[in-house]
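K.L.:
Sending over input.cif (mmCIF, C-alpha atoms).
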data_my_file
loop_
_atom_site.label_atom_id
_atom_site.label_comp_id
_atom_site.auth_asym_id
_atom_site.auth_seq_id
_atom_site.Cartn_x
_atom_site.Cartn_y
_atom_site.Cartn_z
CA SER A 38 -34.53 -12.33 -0.17
CA VAL A 39 -33.44 -8.82 0.74
CA GLY A 40 -30.76 -10.31 2.97
CA ASP A 41 -29.34 -12.36 0.11
CA GLU A 42 -29.30 -9.32 -2.16
CA ILE A 43 -27.47 -7.23 0.46
CA ALA A 44 -24.91 -10.01 0.86
CA PHE A 45 -24.50 -10.14 -2.92
CA LEU A 46 -23.91 -6.39 -3.15
CA ASN A 47 -21.44 -6.46 -0.26
CA ASN A 48 -19.23 -8.86 -2.22
CA PHE A 49 -18.21 -6.00 -4.52
CA GLY A 50 -16.04 -4.37 -1.86
CA ASP A 51 -15.93 -0.56 -1.74
CA PHE A 52 -18.83 0.93 -3.66
CA SER A 53 -21.34 3.72 -3.78
CA LYS A 54 -24.85 3.18 -5.09
CA PHE A 55 -27.64 5.23 -6.69
CA MET A 56 -31.30 4.32 -6.69
CA ASN A 57 -33.52 5.76 -9.42
CA PRO A 58 -36.84 6.54 -7.67
CA ASN A 59 -38.78 5.71 -10.85
CA GLU A 60 -37.25 2.28 -11.37
CA ASP A 61 -36.22 -0.73 -9.33
CA LYS A 62 -32.56 -0.50 -10.36
CA VAL A 63 -29.39 0.13 -8.42
CA MET A 64 -26.15 1.32 -10.03
CA VAL A 65 -23.19 -0.07 -8.09
CA ILE A 66 -19.83 1.65 -8.56
CA ASP A 67 -17.30 -1.01 -7.64
CA SER A 68 -14.30 1.19 -6.84
CA ASP A 69 -12.14 -1.79 -5.76
CA GLY A 70 -12.56 -3.42 -9.16
CA TYR A 71 -13.30 -0.35 -11.27
CA ASN A 72 -16.51 -1.92 -12.62
CA LEU A 73 -20.02 -0.51 -13.08
CA VAL A 74 -22.88 -2.83 -12.15
CA TYR A 75 -26.52 -2.16 -13.04
CA TYR A 76 -28.54 -4.35 -10.68
CA THR A 77 -32.31 -4.84 -10.85
CA ILE A 78 -33.97 -5.70 -7.55
CA GLY A 79 -34.93 -9.31 -7.92
CA GLY A 80 -31.68 -10.64 -9.30
CA SER A 81 -30.79 -9.54 -12.84
CA LEU A 82 -27.68 -7.47 -13.54
CA ASP A 83 -25.50 -5.99 -16.26
CA VAL A 84 -21.80 -5.32 -15.75
CA LEU A 85 -19.59 -2.79 -17.51
CA THR A 86 -16.20 -4.22 -16.66
CA ASN A 87 -12.81 -2.72 -15.94
CA LYS A 88 -11.49 -3.98 -19.29
CA GLU A 89 -14.38 -2.44 -21.23
CA LEU A 90 -13.89 0.89 -19.48
CA ILE A 91 -10.15 1.22 -20.09
CA GLY A 92 -10.03 -0.47 -23.50
CA GLU A 93 -7.33 -2.73 -24.90
CA GLU A 94 -4.60 -0.10 -25.11
CA GLU A 95 -1.74 -0.51 -22.62
CA LYS A 96 -2.07 2.16 -19.98
CA VAL A 97 -0.49 2.76 -16.60
CA LEU A 98 -3.59 3.31 -14.47
CA LEU A 99 -3.26 4.30 -10.81
CA PRO A 100 0.52 3.91 -10.31
CA ILE A 101 1.36 3.18 -6.67
CA GLY A 102 4.34 0.97 -5.80
CA LEU A 103 7.82 1.76 -7.14
CA LEU A 104 11.06 -0.24 -7.34
CA ASN A 105 14.33 1.10 -8.74
CA ARG A 106 16.71 -1.38 -10.41
CA GLY A 107 19.56 0.73 -11.81
CA THR A 108 18.46 1.93 -15.24
CA ASP A 109 14.92 0.55 -14.86
CA LEU A 110 12.02 1.78 -12.74
CA TYR A 111 9.30 -0.79 -12.01
CA ILE A 112 5.80 0.65 -11.49
CA MET A 113 2.87 -1.19 -9.93
CA ALA A 114 -0.25 0.02 -11.78
CA ASN A 115 -3.18 -0.83 -9.54
CA LEU A 116 -6.02 -0.52 -12.06
CA SER A 117 -4.01 -1.90 -14.97
CA GLN A 118 -3.48 -5.11 -12.98
CA ARG A 119 0.16 -5.03 -14.06
CA VAL A 120 3.72 -4.11 -13.18
CA PHE A 121 5.35 -1.99 -15.88
CA ARG A 122 9.08 -1.60 -16.51
CA TYR A 123 10.14 1.91 -17.43
CA SER A 124 13.59 2.34 -18.97
CA LEU A 125 15.31 5.46 -17.68
CA LEU A 126 17.72 5.24 -20.62
CA ASP A 127 15.41 5.13 -23.64
CA ASP A 128 12.13 6.37 -22.08
CA LYS A 129 10.21 3.20 -22.98
CA ILE A 130 7.60 1.43 -20.88
CA THR A 131 6.58 -2.23 -21.26
CA PRO A 132 4.44 -4.69 -19.25
CA PHE A 133 6.61 -6.85 -17.00
CA ILE A 134 4.27 -8.74 -14.62
CA GLY A 135 0.57 -9.53 -14.88
CA ASN A 136 -1.99 -10.55 -17.49
CA GLY A 137 -4.10 -7.42 -17.06
CA SER A 138 -7.15 -9.30 -15.79
CA PRO A 139 -9.03 -8.27 -12.64
CA GLU A 140 -10.38 -11.81 -12.15
CA ARG A 141 -9.39 -14.08 -9.27
CA ASP A 142 -6.20 -15.99 -10.08
CA TYR A 143 -4.58 -18.67 -7.92
CA GLN A 144 -2.07 -19.92 -10.50
CA SER A 145 1.52 -20.57 -9.45
CA GLY A 146 4.56 -21.56 -11.47
CA VAL A 147 3.53 -19.72 -14.63
CA HIS A 148 5.23 -17.06 -16.76
CA ARG A 149 5.25 -13.60 -15.19
CA LEU A 150 3.03 -12.18 -17.97
CA ASP A 151 0.41 -14.91 -17.48
CA ILE A 152 -0.16 -14.41 -13.75
CA GLY A 153 -3.06 -12.38 -12.33
CA ILE A 154 -2.27 -9.62 -9.79
CA GLY A 155 -5.59 -8.06 -8.83
CA TYR A 156 -5.62 -4.43 -7.67
CA SER A 157 -2.15 -4.67 -6.19
CA ALA A 158 -0.03 -1.80 -4.92
CA PHE A 159 3.30 -3.00 -3.54
CA ILE A 160 6.46 -4.24 -5.26
CA ALA A 161 9.84 -5.12 -3.76
CA GLU A 162 12.77 -7.52 -4.18
CA ASP A 163 14.24 -10.28 -2.03
CA GLU A 164 17.83 -10.77 -0.90
CA ASN A 165 18.62 -12.44 -4.25
CA LYS A 166 17.20 -9.49 -6.26
CA ASN A 167 14.11 -11.45 -7.32
CA ILE A 168 11.13 -9.12 -7.82
CA MET A 169 8.21 -9.77 -5.45
CA VAL A 170 4.62 -8.53 -5.53
CA ALA A 171 1.98 -8.21 -2.83
CA ASP A 172 -1.07 -9.56 -4.68
CA TYR A 173 -3.81 -7.71 -2.82
CA PHE A 174 -6.87 -9.33 -4.43
CA ASN A 175 -5.61 -12.92 -4.36
CA ARG A 176 -4.17 -12.79 -0.82
CA ARG A 177 -0.64 -13.91 -1.64
CA ILE A 178 2.95 -12.83 -2.13
CA LEU A 179 4.45 -13.67 -5.53
CA LYS A 180 8.12 -14.15 -6.35
CA ILE A 181 9.44 -13.79 -9.90
CA GLU A 182 12.43 -16.03 -10.51
CA ASN A 183 13.76 -16.84 -14.00
CA ASP A 184 10.59 -15.23 -15.44
CA ILE A 185 8.35 -17.64 -13.49
CA ALA A 186 5.82 -16.31 -10.95
CA SER A 187 5.27 -18.52 -7.92
CA ASN A 188 3.36 -18.23 -4.64
CA LEU A 189 5.45 -17.73 -1.52
CA PHE A 190 2.68 -19.58 0.36
CA PRO A 191 -0.81 -20.86 -0.58
CA PRO A 192 -3.40 -18.05 -0.42
CA PRO A 193 -5.26 -18.35 2.92
CA HIS A 194 -9.03 -18.34 3.21
CA TRP A 195 -10.42 -14.79 3.15
CA GLU A 196 -11.90 -15.18 6.65
CA HIS A 197 -8.38 -15.87 7.97
CA SER A 198 -6.66 -13.09 6.03
CA SER A 199 -8.63 -10.80 3.74
CA SER A 200 -5.92 -8.99 1.74
CA ILE A 201 -2.19 -8.28 1.43
CA GLN A 202 -1.20 -4.66 0.89
CA ALA A 203 2.56 -4.71 1.57
CA PHE A 204 5.23 -6.87 3.17
CA ALA A 205 8.72 -6.75 4.68
CA ARG A 206 11.36 -9.35 5.46
CA VAL A 207 13.12 -9.39 8.83
CA GLY A 208 15.36 -12.17 10.11
CA GLY A 209 14.37 -14.64 7.41
CA GLU A 210 10.62 -14.18 8.02
CA TYR A 211 8.05 -12.17 6.10
CA PHE A 212 5.52 -9.85 7.72
CA TYR A 213 2.59 -8.46 5.77
CA VAL A 214 -0.13 -5.88 6.26
CA ASP A 215 -3.79 -6.87 5.99
CA PRO A 216 -5.65 -3.52 5.93
CA GLY A 217 -9.05 -5.20 5.59
CA LEU A 218 -8.79 -6.86 9.00
CA GLY A 219 -6.42 -4.29 10.48
CA LEU A 220 -3.80 -6.94 11.28
CA ILE A 221 -0.17 -7.80 10.58
CA PHE A 222 0.61 -11.44 9.75
CA ARG A 223 3.86 -13.38 10.06
CA VAL A 224 4.93 -15.94 7.44
CA ARG A 225 7.24 -18.67 8.75
CA GLY A 226 9.14 -20.87 6.35
CA ASP A 227 7.95 -24.10 8.02
CA ASP A 228 4.26 -23.12 8.19
CA PRO A 229 2.23 -22.63 4.98
CA LEU A 230 -0.50 -20.69 6.86
CA PRO A 231 0.34 -17.08 7.82
CA GLN A 232 -0.21 -16.41 11.53
CA LYS A 233 -1.57 -13.25 13.14
CA PHE A 234 1.31 -11.25 14.60
CA ALA A 235 -0.07 -7.86 15.60
CA GLY A 236 -3.40 -6.09 15.95
CA VAL A 237 -6.82 -6.54 17.51
CA ILE A 238 -9.90 -7.28 15.41
CA ALA A 239 -12.96 -5.19 16.28
CA LYS A 240 -15.46 -7.33 18.18
CA HIS A 241 -18.54 -5.31 17.33
CA GLY A 242 -20.07 -3.45 14.40
CA ASP A 243 -18.36 -2.75 11.10
CA GLY A 244 -14.62 -3.33 11.43
CA GLU A 245 -13.50 -0.41 9.29
CA GLN A 246 -15.87 2.10 10.91
CA THR A 247 -14.77 0.90 14.34
CA ARG A 248 -11.11 1.44 13.44
CA ARG A 249 -11.91 4.97 12.25
CA LYS A 250 -13.48 5.77 15.62
CA GLU A 251 -10.65 4.15 17.57
CA ALA A 252 -8.13 6.16 15.57
CA LEU A 253 -9.38 9.22 17.41
CA LEU A 254 -8.55 7.66 20.78
CA SER A 255 -5.28 7.58 22.68
CA TYR A 256 -2.66 4.99 21.81
CA ALA A 257 -0.82 5.38 25.13
CA ASP A 258 -1.62 1.83 26.31
CA MET A 259 -0.76 0.16 23.00
CA ASP A 260 2.75 -0.98 23.86
CA HIS A 261 2.57 -4.58 22.61
CA VAL A 262 1.41 -6.39 19.47
CA ASP A 263 -1.47 -8.04 21.35
CA LYS A 264 -2.80 -4.64 22.50
CA VAL A 265 -2.35 -2.38 19.49
CA ARG A 266 -5.53 -1.29 17.67
CA PHE A 267 -4.48 -0.16 14.22
CA GLY A 268 -6.42 2.37 12.18
CA TYR A 269 -5.96 1.75 8.44
CA ILE A 270 -2.47 0.31 8.00
CA GLN A 271 -0.84 0.45 4.57
CA GLY A 272 2.95 0.25 4.33
CA ILE A 273 5.50 -1.86 6.19
CA GLU A 274 9.30 -1.59 6.05
CA ASN A 275 12.34 -3.23 7.60
CA PHE A 276 14.10 -0.40 9.44
CA LYS A 277 17.28 -1.62 11.14
CA GLY A 278 15.65 -4.86 12.25
CA LYS A 279 12.40 -3.22 13.37
CA LEU A 280 9.11 -3.01 11.48
CA LEU A 281 7.81 0.43 10.57
CA VAL A 282 4.09 0.50 9.73
CA THR A 283 2.19 3.48 8.28
CA ASP A 284 -1.31 4.10 9.63
CA GLN A 285 -3.55 6.20 7.39
CA TYR A 286 -6.32 6.73 9.94
CA ARG A 287 -4.00 7.58 12.82
CA HIS A 288 -1.73 9.80 10.66
CA GLY A 289 1.50 8.25 11.90
CA ILE A 290 4.09 5.46 11.93
CA TRP A 291 4.25 2.55 14.35
CA GLU A 292 7.53 0.81 15.25
CA ILE A 293 7.32 -2.88 16.14
CA ASP A 294 10.08 -5.14 17.44
CA PRO A 295 9.51 -8.53 15.73
CA LEU A 296 11.47 -10.33 18.46
CA THR A 297 9.82 -8.94 21.60
CA GLY A 298 6.54 -7.68 20.17
CA SER A 299 6.99 -4.26 21.75
CA VAL A 300 5.23 -1.35 20.01
CA ASP A 301 6.17 2.33 19.88
CA VAL A 302 5.28 5.40 17.81
CA ILE A 303 8.15 7.03 15.91
CA ALA A 304 6.35 9.64 13.80
CA GLY A 305 3.11 11.57 13.66
CA MET A 306 -0.11 10.59 15.47
CA ARG A 307 -0.11 14.06 16.99
CA ALA A 308 -3.33 15.14 15.30
CA PRO A 309 -6.29 12.98 16.40
CA THR A 310 -8.69 14.11 13.68
CA ASP A 311 -11.13 12.48 11.32
CA TYR A 312 -9.41 10.45 8.59
CA HIS A 313 -10.49 12.68 5.70
CA TYR A 314 -9.35 15.85 7.43
CA GLY A 315 -5.58 15.31 7.46
CA GLY A 316 -4.67 17.52 4.51
CA PHE A 317 -1.60 18.90 6.19
CA VAL A 318 2.04 18.35 7.05
CA GLY A 319 3.43 20.13 10.07
CA ASN A 320 6.53 20.45 12.24
CA THR A 321 8.99 19.45 9.50
CA GLY A 322 12.51 20.46 10.45
CA LEU A 323 12.05 18.84 13.85
CA SER A 324 12.32 15.16 14.79
CA ALA A 325 10.18 12.41 13.26
CA ARG A 326 8.23 12.08 16.51
CA ASP A 327 7.20 15.76 16.28
CA LEU A 328 5.73 15.44 12.77
CA ARG A 329 2.09 16.12 12.02
CA LEU A 330 1.05 14.03 9.03
CA GLY A 331 -1.93 13.33 6.80
CA GLY A 332 -2.77 10.47 4.44
CA LEU A 333 0.10 7.97 4.58
CA GLN A 334 0.43 4.99 2.25
CA PHE A 335 3.93 3.54 1.77
CA LEU A 336 7.37 4.42 3.13
CA THR A 337 10.84 3.47 1.91
CA TYR A 338 14.08 3.06 3.85
CA ASP A 339 17.22 3.57 1.78
CA LYS A 340 19.88 1.68 3.73
CA GLU A 341 22.80 3.09 1.75
CA ARG A 342 21.80 6.71 2.40
CA ASP A 343 20.27 5.97 5.84
CA ILE A 344 17.20 8.01 4.86
CA LEU A 345 13.47 7.29 5.12
CA LEU A 346 11.22 8.61 2.35
CA LEU A 347 7.64 9.24 3.47
CA PRO A 348 5.06 10.48 0.93
CA SER A 349 2.08 12.34 2.38
CA GLN A 350 -1.05 11.85 0.27
CA TYR A 351 -3.17 14.66 1.66
CA GLY A 352 -0.19 16.89 2.29
CA GLY A 353 0.79 16.60 -1.38
CA THR A 354 4.45 16.37 -0.48
CA LEU A 355 7.40 14.10 0.30
CA ILE A 356 9.17 14.00 3.66
CA ALA A 357 12.77 12.83 4.15
CA ILE A 358 13.70 11.55 7.62
CA SER A 359 17.28 10.98 8.82
CA GLY A 360 18.25 7.50 9.92
CA ASP A 361 18.46 8.56 13.57
CA LEU A 362 14.90 9.97 13.27
CA LYS A 363 16.08 13.30 14.68
CA LYS A 364 15.79 15.44 11.53
CA THR A 365 13.07 15.84 8.91
CA ILE A 366 12.81 17.85 5.69
CA GLU A 367 9.79 18.50 3.50
CA LEU A 368 10.61 18.16 -0.20
CA VAL A 369 8.35 20.32 -2.38
CA PRO A 370 9.14 20.02 -6.12
CA ASP A 371 8.10 22.48 -8.81
CA VAL A 372 5.54 20.00 -10.14
CA LYS A 373 2.33 19.72 -8.12
CA ILE A 374 1.90 16.37 -6.36
CA GLU A 375 -1.72 15.63 -5.49
CA LEU A 376 -1.80 12.14 -3.90
CA ALA A 377 1.71 10.82 -3.25
CA ALA A 378 1.73 7.08 -2.58
CA ASP A 379 5.32 5.76 -2.82
CA ALA A 380 8.83 7.12 -3.37
CA VAL A 381 12.28 5.73 -4.22
CA PHE A 382 15.72 7.16 -4.91
CA ILE A 383 16.98 7.09 -8.49
CA GLY A 384 20.72 7.53 -8.70
CA GLU A 385 22.39 9.91 -6.27
CA ASP A 386 20.34 13.07 -6.64
CA LYS A 387 16.85 12.15 -7.84
CA VAL A 388 13.68 10.61 -6.43
CA ALA A 389 10.61 9.16 -8.12
CA VAL A 390 7.19 9.69 -6.53
CA SER A 391 3.97 7.98 -7.63
CA ASP A 392 0.90 10.21 -7.78
CA THR A 393 -2.36 8.28 -7.88
CA SER A 394 -4.56 11.33 -8.42
CA ARG A 395 -2.66 12.67 -11.44
CA ASN A 396 -2.00 9.13 -12.72
CA ALA A 397 1.70 9.94 -12.96
CA VAL A 398 5.16 9.20 -11.63
CA HIS A 399 7.15 12.38 -10.94
CA ILE A 400 10.95 12.41 -11.03
CA PHE A 401 12.74 15.40 -9.52
CA ASN A 402 16.13 16.48 -8.22
CA VAL A 403 17.01 16.37 -4.51
CA SER A 404 20.65 17.42 -4.76
CA GLY A 405 22.27 17.95 -1.38
CA LEU A 406 19.57 16.12 0.61
CA ARG A 407 22.03 13.91 2.47
CA ASN A 408 24.11 16.94 3.45
CA HIS A 409 21.01 18.71 4.74
CA LEU A 410 20.02 15.79 6.94
CA ASN A 411 23.57 15.27 8.21
CA SER A 412 24.17 18.93 9.05
CA ALA A 413 24.13 20.11 12.64
CA SER A 414 20.66 21.63 12.46
CA GLY A 415 19.27 19.57 9.61
CA LEU A 416 18.45 22.76 7.67
CA GLU A 417 21.82 24.19 6.71
CA ASN A 418 23.42 24.38 3.24
#
Would it be possible to restate this file's structure as structure tokens?
P.N.:
Amino acid sequence: SVGDEIAFLNNFGDFSKFMNPNEDKVMVIDSDGYNLVYYTIGGSLDVLTNKELIGEEEKVLLPIGLLNRGTDLYIMANLSQRVFRYSLLDDKITPFIGNGSPERDYQSGVHRLDIGIGYSAFIAEDENKNIMVADYFNRRILKIENDIASNLFPPPHWEHSSSIQAFARVGGEYFYVDPGLGLIFRVRGDDPLPQKFAGVIAKHGDGEQTRRKEALLSYADMDHVDKVRFGYIQGIENFKGKLLVTDQYRHGIWEIDPLTGSVDVIAGMRAPTDYHYGGFVGNTGLSARDLRLGGLQFLTYDKERDILLLPSQYGGTLIAISGDLKKTIELVPDVKIELAADAVFIGEDKVAVSDTSRNAVHIFNVSGLRNHLNSASGLEN
């Protein structure tokens, strides 16, 4: 039936389609999985898969998440289905996590190169320096310990939690972002099923379209986790015991107290515009709350430096925020950044920024940044 065929097509995730008026075929561009599907009305189909499109050669496709470990930089390559390790000493890059397959994978307790990590973006480490991955496609958090990849908890049913984009650990508990449902979940050590912690699911219409419309509305009444209506949430970070959450549709950063559930806004959200408009960064040099932002994905808090790094995708830039949130600086390197997704410090005077549009990771000097943020005005020296 037509209804069954629509349901079938909807299983591909994000796609655009083209109907040839002279034939009964639909070409589905599966942008979540990077596959091309030629579907004939009635049920037959041909698939040109991700693997066929990119070939067998090892490539870092769509780098997003970054993790610095001394002389090594770990890069989450979303469309390569892998984490790569880049040596800053000898300029070599090798696969470190993932089997390169976009297929569903619910294995646990296997070697890190045999595990599937579908279309993932976020990488971090735990308190024992074990590397951890937010496995977006398979709805789980993986921990790599002694070269073995294991689930932190069994993947929940997709109707309970549809995806995991990023996570943070506060007070012995993990909190993760589910952008598909627009919710934040809490993972307790004594409960294998993640529980909804923050956010309200749209009760009518298409959830994503509803969140886009709500992102244009005031957030003044959203002062608690059971009231907040997120736009398109992406990154989450432990910031001095609070959770900071980036919202791509609302162009700003939420602050959530995991103990009381109170919600505040600490940056941006001062430009209620359509999601695709926000190609700007404004009011840098002032406080974080005064910022005007566009296109946020991840953010990183460097505890040692007491600095937040905030890439702006549609602003094509990187913003540094002081630990007291009172000073901001826009970092504009000589190289052009098109879609900045994540950023980390490397050594004392350098940062690495992933650029999904240029399929690159840029490394540039930020000498004197800490002095700038610690100066009286935030702009001296």
K.L.:
Given the file shown, determine the residues that the PyMOL selection byres ((chain A and resi 367) around 9) selects; report them as JSON, numbers by chain.
P.N.:
{"A": [318, 321, 322, 354, 355, 356, 357, 358, 365, 366, 368, 369]}
K.L.:
If you apply the PyMOL selection byres ((chain A and resi 195) around 12) to this file, what residues do you get, as JSON, numbers by chain?
P.N.:
{"A": [48, 173, 174, 175, 176, 177, 191, 192, 193, 194, 196, 197, 198, 199, 200, 201, 215, 217, 218, 231]}
K.L.:
So how many Å separate atom CA of A:Ser299 and atom CA of A:Lys279, to one decimal?
P.N.:
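Computed distance, atom CA of A:Ser299 to atom CA of A:Lys279, equals 10.0 Å.
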K.L.:
Centre and edge lengths of an axis-aligned box around all listed atoms of stretch 285-290 of chain A, with 6 Å added on each side, are to be given in Å to one decimal, as AutoDock Vina command-line options.
P.N.:
--center_x -1.1 --center_y 7.6 --center_z 10.1 --size_x 22.4 --size_y 16.3 --size_z 17.4
K.L.:
Can you list, as a CSV table (one decimal) with C-alpha atoms, keeping the file's coordinate frame, every protein, DNA or RNA residue that comes within 10 Å of A:Ile152 when you count all atoms listed in the file, leaving out same-chain residues fewer than 5 positions away?
P.N.:
chain,number,residue,atom,x,y,z
A,118,GLN,CA,-3.5,-5.1,-13.0
A,119,ARG,CA,0.2,-5.0,-14.1
A,134,ILE,CA,4.3,-8.7,-14.6
A,135,GLY,CA,0.6,-9.5,-14.9
A,136,ASN,CA,-2.0,-10.6,-17.5
A,137,GLY,CA,-4.1,-7.4,-17.1
A,138,SER,CA,-7.2,-9.3,-15.8
A,142,ASP,CA,-6.2,-16.0,-10.1
A,143,TYR,CA,-4.6,-18.7,-7.9
A,144,GLN,CA,-2.1,-19.9,-10.5
A,145,SER,CA,1.5,-20.6,-9.4
A,146,GLY,CA,4.6,-21.6,-11.5
A,147,VAL,CA,3.5,-19.7,-14.6
A,179,LEU,CA,4.4,-13.7,-5.5
A,185,ILE,CA,8.4,-17.6,-13.5
A,186,ALA,CA,5.8,-16.3,-11.0
A,187,SER,CA,5.3,-18.5,-7.9
K.L.:
Please write the residues picked by the PyMOL selection byres ((chain A and resi 394-400) around 10) on this file as a PyMOL selection string.
P.N.:
chain A and resi 97-101+103+112+114+350+370+372-383+387-393+401-403
K.L.:
Which distance in Å separates atom CA of A:Ile303 and atom CA of A:Asn165, to one decimal?
P.N.:
29.9 Å
K.L.:
Any idea what the distance is between atom CA of A:Ile290 and atom CA of A:Leu362?
P.N.:
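Calculated distance between atom CA of A:Ile290 and atom CA of A:Leu362 is 11.8 Å.
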K.L.:
The residues within 6 Å of (-29.6, -0.2, -10.3), using only C-alpha atoms and the coordinates of the file, should be reported as a ChimeraX atom specification; which are they?
P.N.:
/A:62-64,75-77
K.L.:
Every residue with an atom at most 12 Å from (-4.9, 2.4, 10.7) (file coordinates; only C-alpha atoms) is what I'm after, so could you write them as a ChimeraX atom specification?
P.N.:
/A:214-221,236-238,244-254,256,265-272,282-291,306,311-312,331-334
